[in-house]
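Worksheet: one structure, shown below.
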Amino acid sequence: MSQSVEPAAGEPALRVSDLRTYFPVRSKGLFPKTIGQVKAVDGVSFEVYPGETLGLVGESGCGKSTTGRSVLRLIEPTSGRIEFEGVDVTGLSSKEMVPVRRKAAMIFQDPYNALNPRHTVGAIISAPFAVQGVKPPGGVKAAVQELMERVGLNPEHYNRYPAEFSGGQRQRIGIARAVALRPKFIVCDEPVSALDVSIQAQVINLLRDLQDEFGIAYLFVAHDLAVVRQISNRVAVMYLGQVMELATREDLYARPLHPYTHALLSAIPVPDPRAQKQREHIMLSGDLPSPAAPPTGCVFHTRCFQAQDICAVEKPALVEPTTGHQVACHFPILEFLGTKGILGPDPGLTPQAGGSLTGAAAGSNDLIREIGTDYGVGPDTPIDPGPSIWR
Ligand SMILES: Nc1ncnc2c1ncn2[C@@H]1O[C@H](COP(=O)(O)OP(=O)(O)OP(=O)(O)O)[C@@H](O)[C@H]1O
Ligand code: SF4
Ligand SMILES: [Mg+2]
C-alpha cells in the first residue's frame with residue numbers, strides 16, 4: 001500500500017502563511033464579555049502541491065479541523081494569509097469567494113450527518129452544480145450519474161435517500177459531491193475514521209484514484225500517524241494549534257526529529273506481539289493543556305521528555321535542518337540517525353544554510369539513548385488494526 005514520495009514542485013495549489021484562528025471565550029451572565037481566547041490555530045504555515053496529499057495529524061483538540069475549515073474560509077481566520085493557486089483569498093467577500101469555492105471542497109468525517117436525510121442522492125450530488133450555476137454538457141442528471149458510477153455507486157440509485165445506503169456508500173456520496181466540479185483542492189477531515197476497517201481501505205483507494213485522475217491536492221486530517229501514512233506524500237504534526245514537524249512521509253517515519261513525533265510513533269501498535277512487547281513506548285506526562293491557556297515558550301514543554309530550562313521561556317522557530325524537513329524544537333532528536341536500526345549508519349544530516357540545529361547537545365542525546373528510538377514503525381511496516389488504526 002505504499003506510494004512513492006516525490007518531492008513537491010511548482011506552484012502550490014494552496015499556500016497558508018502564519019494562519020491564526022482564535023475563538024473568543026465569553027463570561028457567563030446577562031452581559032457576557034470576552035475574557036480570553038482559544039488559540040485553536042496559532043501561526044500555521046504550509047503548502048499543498050497539485051496532486052499531493054499533505055497529512056495533518058495530532059491529538060484531539062489540537063486544531064486540525066479548525067485549520068481545514070479556516071483555509072476554506074468556512075471559519076473566518078483571525079489573521080494570516082491563504083492563497084489558492086497563487087491568488088490571495090484571505091480578504092475576499094462571500095460573493096468573491098464563490099468562484100474560489102468551485103476549486104476547493106471538503107469531505108467530512110461523519111457520512112451520516114454530512115448528508116441531508118431528506119434529499120435524494122441525485123439532489124445531494126447535483127447541489128454544487130446548482131450553487132455554482134454550472135450546466136454540464138448532457139445535463140446535470142447525466143453528469144451526476146456518471147459521478148455515481150465513478151465513485152462506485154449504482155447510477156440507478158439516483159432517487160434513493162441516504163438512509164438506504166451503508167456508511168461506506170454514504171462516504172462515496174460525499175466524495176462524489178466533493179469532486180463534482182473537479183476541484184483542485186479538497187480538505188478531507190477524518191474521512192475514514194467513522195468507517196469499518198474493511199471499508200476504510202476501499203475509500204482511501206477511491207480518494208487516491210480520484211487524485212491521480214484529476215490531479216487534486218488533499219489536506220488529509222487524521223488522529224494518528226498510522227492513518228495518514230497510508231495516503232500522505234508529506235505529513236505535518238500539530239500540537240496545540242502549531243506545527244511541530246513537517247516532512248516527507250519517508251523522512252517523518254524513518255527520521256523523526258521532534259520529541260512529540262517520537263512519542264506518537266512509539267504509540268503505534270504493530271501486529272507482531274513479540275516485537276510489540278520489545279518496543280519502546282514513550283509515555284507523555286500530564287494532559288494536553290488548554291488552547292485557551294497554552295504554555296509559554298515551547299507549547300510542548302509541559303509534557304516533553306527532552307525539555308530543558310530554555311524550553312519554558314523561548315519558543316523554538318520552525319527550522320529546516322535538512323531539505324524539506326521542518327522541525328520546531330530547541331533539542332531535535334538526532335542521535336538515532338547513526339545508532340539505531342531504522343536508518344542504518346550516518347545518513348549525512350547536516351544543517352542547511354539558514355537552518356540551525358539549536359541545542360542538539362550531547363546531553364539531550366543521552367536521554368534518547370535511554371529511551372531508545374527504534375519504534376519498529378517505518379514508512380511501510382504493517383500496523384495492527386486497532387479501533388482507530390487504519391491499515
Ligand atoms: N467554534 C468554536 N468555538 C470555540 N472553540 C472552538 C470552536 N471550534 C473548535 N474550538 C476549540 O478549538 C480547539 C481545536 O478544535 P478542533 O476541532 O480544530 O480540533 P481537532 O484537532 O480537529 O480535534 P478532533 O481530533 O477531536 O477532531 C479545541 O480546543 C476546540 O474545543
Ligand atoms: S523545544 Fe524543548 S520542550 Fe519543546 S519539543 Fe523541543 S525539547 Fe521539547
Ligand atoms: Mg477534528
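Letters A, B, ... mark the chains of the C-alpha cells in the order given; residue numbers begin at 1 per chain; ligand numbers begin at 1, in order shown.
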
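Residue neighbourhood of segment 153-168 of chain A, excluding near-sequence residues (fewer than 5 positions): Asp110, Pro111, Tyr112, Leu115, Asn116, Pro117, Arg118, His119, Thr120, Val121, Gly122, Ala123, Lys141, Val144, Gln145, Glu146, Leu147, Met148, Ile173, Val192, Ala194, Leu195, Asp196, Ile199, Gln200, Gln202 and Val203 of chain A, at 9 Å, using only C-alpha atoms.
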
Residues from last step as file, N, CA and C atoms, as a short mmCIF file (atom, residue, chain, number, x, y, z; two decimals), in the first residue's frame:
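The resulting file, again22.cif, is reproduced below:
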data_model
loop_
_atom_site.label_atom_id
_atom_site.label_comp_id
_atom_site.auth_asym_id
_atom_site.auth_seq_id
_atom_site.Cartn_x
_atom_site.Cartn_y
_atom_site.Cartn_z
N ASP A 110 -18.11 12.44 9.26
CA ASP A 110 -19.30 11.66 9.58
C ASP A 110 -20.24 11.60 8.37
N PRO A 111 -20.22 10.47 7.63
CA PRO A 111 -21.06 10.42 6.43
C PRO A 111 -22.55 10.40 6.77
N TYR A 112 -22.90 10.20 8.05
CA TYR A 112 -24.31 10.18 8.43
C TYR A 112 -24.85 11.60 8.55
N LEU A 115 -24.82 14.38 5.17
CA LEU A 115 -25.78 14.36 4.06
C LEU A 115 -27.19 14.66 4.59
N ASN A 116 -27.92 15.49 3.88
CA ASN A 116 -29.29 15.82 4.30
C ASN A 116 -30.19 14.59 4.07
N PRO A 117 -30.76 14.04 5.16
CA PRO A 117 -31.52 12.80 5.02
C PRO A 117 -32.79 12.96 4.17
N ARG A 118 -33.24 14.21 3.99
CA ARG A 118 -34.48 14.43 3.22
C ARG A 118 -34.22 14.67 1.74
N HIS A 119 -32.96 14.70 1.36
CA HIS A 119 -32.62 14.90 -0.06
C HIS A 119 -32.21 13.58 -0.71
N THR A 120 -32.58 13.40 -1.97
CA THR A 120 -32.14 12.19 -2.68
C THR A 120 -30.64 12.31 -2.98
N VAL A 121 -30.04 11.18 -3.29
CA VAL A 121 -28.62 11.19 -3.65
C VAL A 121 -28.39 12.09 -4.86
N GLY A 122 -29.32 12.02 -5.81
CA GLY A 122 -29.20 12.85 -7.02
C GLY A 122 -29.16 14.33 -6.65
N ALA A 123 -30.05 14.73 -5.72
CA ALA A 123 -30.10 16.15 -5.32
C ALA A 123 -28.83 16.54 -4.56
N LYS A 141 -28.26 15.61 -14.59
CA LYS A 141 -28.54 14.24 -14.16
C LYS A 141 -27.51 13.26 -14.74
N VAL A 144 -24.27 13.65 -12.90
CA VAL A 144 -24.32 13.08 -11.54
C VAL A 144 -24.26 11.55 -11.62
N GLN A 145 -24.97 10.98 -12.59
CA GLN A 145 -24.95 9.52 -12.69
C GLN A 145 -23.56 9.01 -13.10
N GLU A 146 -22.89 9.81 -13.91
CA GLU A 146 -21.52 9.44 -14.28
C GLU A 146 -20.62 9.47 -13.04
N LEU A 147 -20.83 10.53 -12.23
CA LEU A 147 -20.06 10.64 -10.98
C LEU A 147 -20.34 9.46 -10.06
N MET A 148 -21.64 9.09 -9.97
CA MET A 148 -22.01 7.96 -9.09
C MET A 148 -21.28 6.70 -9.53
N ILE A 173 -20.94 8.99 -1.52
CA ILE A 173 -21.83 10.07 -1.96
C ILE A 173 -21.16 11.42 -1.65
N VAL A 192 -12.24 8.65 6.96
CA VAL A 192 -12.48 7.22 7.15
C VAL A 192 -12.62 6.82 8.61
N ALA A 194 -14.91 7.12 10.75
CA ALA A 194 -16.20 6.60 11.20
C ALA A 194 -16.56 5.28 10.51
N LEU A 195 -15.65 4.77 9.67
CA LEU A 195 -15.98 3.59 8.87
C LEU A 195 -15.32 2.33 9.41
N ASP A 196 -15.92 1.16 9.09
CA ASP A 196 -15.30 -0.12 9.47
C ASP A 196 -13.94 -0.23 8.78
N ILE A 199 -13.84 -1.26 5.17
CA ILE A 199 -14.35 -0.27 4.21
C ILE A 199 -13.36 0.87 4.04
N GLN A 200 -12.59 1.14 5.10
CA GLN A 200 -11.67 2.27 5.07
C GLN A 200 -10.70 2.17 3.90
N GLN A 202 -11.06 0.72 1.04
CA GLN A 202 -11.72 0.99 -0.25
C GLN A 202 -11.88 2.50 -0.47
N VAL A 203 -12.25 3.19 0.60
CA VAL A 203 -12.48 4.64 0.46
C VAL A 203 -11.14 5.36 0.22
#

Query raised in the report: Got a sec: who's within 9 Å of segment 298-314 of chain A, counting only C-alpha atoms, leaving out chain neighbours fewer than 4 positions off, as JSON, numbers by chain?
Result: {"A": [239, 240, 242, 244, 259, 260, 282, 283, 284, 285, 286, 287, 288, 289, 294, 328, 329, 330, 331, 332, 333, 364, 365, 367, 368]}

**Report entry** Distance filter 7 Å around ligand 1, atoms: only C-alpha atoms and all ligand atoms, out as a VMD selection string
**Finding:** chain A and resid 23 to 24 38 to 40 58 to 67 223 290 to 291

Report task. Tell me which of A:Gly55, A:Pro191, A:Pro295, A:Pro99 sits closest to ligand 2, counting only C-alpha atoms and all ligand atoms. Result ->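 Once distances to ligand 2 are computed over only C-alpha atoms and all ligand atoms, the minimum belongs to A:Pro295.
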
**Report entry** Residues within 12 Å of Phe214 of chain A, only C-alpha atoms, excluding chain neighbours under 2 positions, as a list of chain:residue names
**Finding:**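 After dropping sequence-adjacent residues, the list is A:Pro50, A:Gly51, A:Glu52, A:Lys103, A:Val179, A:Ala180, A:Leu181, A:Arg182, A:Pro183, A:Lys184, A:Phe185, A:Ile186, A:Leu207, A:Arg208, A:Asp209, A:Leu210, A:Gln211, A:Asp212, A:Ile216, A:Ala217, A:Tyr218.
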
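Counting only C-alpha atoms and all ligand atoms and comparing A:Asn205, A:Gln326, A:Thr261, A:Gln278, the residue that lies closest to ligand 2 is A:Thr261.
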
Report task. Would you mind writing down, as a PyMOL selection string, each residue of segment 14-251 of chain A that DSSP on the backbone assigns to strand (DSSP E or B)? Result -> chain A and resi 14-26+34-48+53-57+79-84+87-88+104-107+185-189+217-222+234-239+242-248

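Considering only C-alpha atoms, the residue among A:Ala178, A:Ile124, A:Leu72, A:Val87 positioned nearest to Phe108 of chain A is A:Ala178.
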
Query raised in the report: Which neighbours of Glu83 of chain A fall inside 6 Å, counting only C-alpha atoms, when residues of the same chain fewer than 4 positions from it are skipped, and could you give them as a ChimeraX atom specification?
Result: /A:14-15,87-89

Okay, now the selection with N, CA and C atoms, as a PDB file, in the first residue's frame?
ATOM      1  N   LEU A  14      -2.380  25.249  -2.740  1.00  0.00           N
ATOM      2  CA  LEU A  14      -2.738  26.029  -1.552  1.00  0.00           C
ATOM      3  C   LEU A  14      -1.475  26.451  -0.821  1.00  0.00           C
ATOM      4  N   ARG A  15      -1.427  27.722  -0.447  1.00  0.00           N
ATOM      5  CA  ARG A  15      -0.332  28.175   0.417  1.00  0.00           C
ATOM      6  C   ARG A  15      -0.947  28.882   1.617  1.00  0.00           C
ATOM      7  N   VAL A  87      -3.377  32.993  -5.749  1.00  0.00           N
ATOM      8  CA  VAL A  87      -4.273  34.134  -5.547  1.00  0.00           C
ATOM      9  C   VAL A  87      -4.629  34.246  -4.070  1.00  0.00           C
ATOM     10  N   ASP A  88      -4.383  35.413  -3.504  1.00  0.00           N
ATOM     11  CA  ASP A  88      -4.693  35.651  -2.095  1.00  0.00           C
ATOM     12  C   ASP A  88      -6.211  35.753  -1.915  1.00  0.00           C
ATOM     13  N   VAL A  89      -6.797  34.810  -1.166  1.00  0.00           N
ATOM     14  CA  VAL A  89      -8.262  34.810  -0.993  1.00  0.00           C
ATOM     15  C   VAL A  89      -8.656  35.240   0.419  1.00  0.00           C
TER      16      VAL A  89
END
